[in-house]
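**Q** Structure in C-alpha cells, see below.
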Amino acid sequence: MGEHPSPGPAVAACAEAERIEELEPEAEEQLPAAPEDHWKVLFDQFDPGNTGYISTGKFRSLLESHSSKLDPHKREVLLALADSHADGQICYHDFISLMSNKRSNSFRQAILQGNRRLSSKALLEEKGLSLSQRLIRHVAYETLPREIDRKWYYDSYTCCPPPWFMITVTLLEVAFFLYNGVSLGQFVLQVTHPRYLKNSLVYHPQLRAQAWRYLTYIFMHAGIEHLGLNVVLQLLVGVPLEMVHGATRIGLVYVAGVVAGSLAVSVADMTAPVVGSSGGVYALVSAHLANIVMNWSGMKCQFKLLRMAVALICMSMEFGRAVWLRFHPSAYPPCPHPSFMAHLGGVAVGITLGVVVLRNYEQRLQDQSLWWIFVTMYTVFVLFAVFWNIFAYTLLDLKLPPPP
C-alpha cells in the first residue's frame with residue numbers, strides 16, 4: 001500500500017475537479033516561489049487602485065494566463081469559485097489563500113455551490129479497484145462525511161507517512177504488559193498482584209509530584225481483559241483516523257485525553273491510582289462516534305447504527321468493569337484499586353477538542369473559533385488541576401494511602 005495506483009478516469013477527474021488545493025506539487029515547481037509578497041505584487045497588477053478587491057473577470061484572466069501550468073480540472077474548480085462570488089469581486093485575503101495553496105471554509109463552500117456543474121460520480125460506483133484502493137476508499141467512507149473530502153483523500157493518500165503513532169503506542173502497551181506479566185507471573189487481573197503498584201509508570205496520588213506518571217500510566221493495564229479492548233479500539237478506530245487526519249492531530253487528541261484522564265482522577269478520586277490507556281482511547285472513540293451522529297446523513301459507513309451500538313456496549317462494559325474493580329476489596333490496603341475517572345476525562349476531551357479536529361479535515365484548526373474555545377477550556381482545567389494537586393490535599397487534610 002506504499003504506492004497508490006492511479007484511480008479510474010471518472011474518479012480521477014471528479015477528485016481533481018473537487019480538490020481544494022490550487023496547485024499540484026509539480027505545478028508549484030513550474031511557477032516561481034509563491035510567498036505572500038509574490039502574490040501581493042501579482043494582485044496589485046490587477047488592483048491598481050489599491051481597493052483590496054479584484055473583479056472575478058480579472059481573476060479569470062489571471063487563471064487563463066496560467067492555464068498551461070494549472071491542471072485543467074483545478075482550473076475548472078477555480079473558475080467555479082470565481083462564478084460563485086455574487087458581488088463579482090474577490091478580496092485580497094481570498095486571493096492569497098487560493099494562490100498560496102491554503103484551504104479555507106469559503107473556498108470549500110464555493111466549490112460546493114459550483115459542484116452541480118462539475119462531475120459528481122460517487123466514489124463507491126468506481127469498479128476494478130485494487131486491494132489497496134479499496135482499503136483507502138473504505139477508510140474514507142468510515143471517517144469522512146462529505147463526498148468531496150472522501151474523493152480528495154482517496155486521490156491524494158500515499159501512506160507516507162504510515163499511521164505510525166497509534167501502531168507504536170499499541171506495540172509499546174503490549175510489550176510492557178507482557179513484560180509485567182512475566183515478571184509478576186500473572187496476566188489476568190494483574191492489578192490485584194501486591195507488587196503491581198510498585199511499577200514506576202503507574203500514577204499514584206502519593207507520587208503525583210513525579211510528573212511523568214500523568215502520561216506513562218497508559219503502559220500499565222489492569223489485566224489482559226483491560227488491554228484487549230483498548231488495543232482493539234485503538235487499531236479499529238485510531239489507525240483509520242490517523243490515516244485520514246494525520247499523526248499530529250490524532251496524537252494531540254489522544255495525549256490530551258490521557259492527561260485529562262489522570263488529572264480527572266487527581267481531582268475527583270484523589271486517593272486512587274490510575275492505569276490503562278482508556279483516557280486516550282475514549283477520547284478518540286467518543287470523538288468519532290459524536291462526529292458520526294452530527295453528520296449522520298453524510299456518513300456512508302455500512303451498518304453504522306449497529307456498529308455504534310456495539311461500540312457503545314463495549315465501552316459501557318469496560319467502564320462497568322472499571323467501576324466494579326475500583327470498589328472491589330483492594331489487594332493492597334489501604335490503597336484502593338485504580339480509578340475509573342480517566343474514562344470520563346477522555347470522553348470529555350473527545351466530544352470537545354476531538355470533534356473539532358474530526359469535523360475540520362484539511363482545515364486550519366487555528367481558524368476555527370470552537371477550537372480556541374475548547375483549547376481555552378482544556379487549558380483552564382489543566383491549570384485548575386495543577387493548583388488542586390499542589391494545594392488541595394493539604395487544605396482538605398486528606399489522608400493518602402502510603403506510596404507503594
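A note on labels: chains of the C-alpha cells are A, B, ... as shown, every chain counts residues from 1, and ligands are counted from 1 in their shown order.
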List every residue of range 289-351 of chain A that has an atom at most 12 Å from any atom of range 230-250 of chain A, giving for each one its closest atom pair and the distance in Å to one decimal, counting only C-alpha atoms, sorted by chain and then by ascending residue number, as a tab-separated table.
**A**
residue	atom	partner	partner_atom	distance
A:Leu289	CA	A:Val237	CA	9.9
A:Asn291	CA	A:Leu241	CA	11.7
A:Arg307	CA	A:Val237	CA	11.7
A:Met308	CA	A:Val237	CA	11.8
A:Val310	CA	A:Leu233	CA	11.6
A:Ala311	CA	A:Leu233	CA	8.7
A:Leu312	CA	A:Leu233	CA	11.4
A:Cys314	CA	A:Leu233	CA	9.5
A:Met315	CA	A:Leu233	CA	9.4
A:Glu318	CA	A:Asn230	CA	9.1
A:Phe319	CA	A:Asn230	CA	11.5
A:His343	CA	A:Asn230	CA	11.3
A:Gly350	CA	A:Ile250	CA	10.7
**Q** Could you build a table of the residues in range 378-397 of chain A lying no more than 10 Å from range 203-216 of chain A, giving for each the nearest pair of atoms and their separation in Å rounded to one decimal place, using only C-alpha atoms, ordered by chain and ascending residue number, as a tab-separated table?
**A**
residue	atom	partner	partner_atom	distance
A:Asn389	CA	A:Arg208	CA	7.7
A:Ile390	CA	A:Ala209	CA	8.7
A:Tyr393	CA	A:Pro205	CA	9.7
**Q** Just asking: which residues within range 80-300 of chain A are alpha helix (DSSP H) according to DSSP, as a ChimeraX atom specification?
**A** /A:80-84,92-99,105-114,131-143,147-156,164-184,213-216,224-233,239-268,278-294
**Q** State, in Å with one decimal place, the distance from CA of Arg195 in chain A to CA of Val258 in chain A.
**A** 23.8 Å
**Q** Have a look at CA of Cys91 in chain A and CA of Asn360 in chain A and let me know their distance in Å, one decimal.
**A**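 One can read the CA of Cys91 in chain A to CA of Asn360 in chain A distance as 23.4 Å.
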**Q** I'd like the contact shell of Val253 in chain A - 7 Å cut-off, only C-alpha atoms, skipping same-chain residues fewer than 6 positions apart - returned as a ChimeraX atom specification.
**A** /A:283-284,353-354
**Q** For CA of Tyr154 in chain A and CA of Ser286 in chain A, determine how far apart the two atoms are, in Å to one decimal place.
**A**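 Calculated distance between CA of Tyr154 in chain A and CA of Ser286 in chain A is 24.6 Å.
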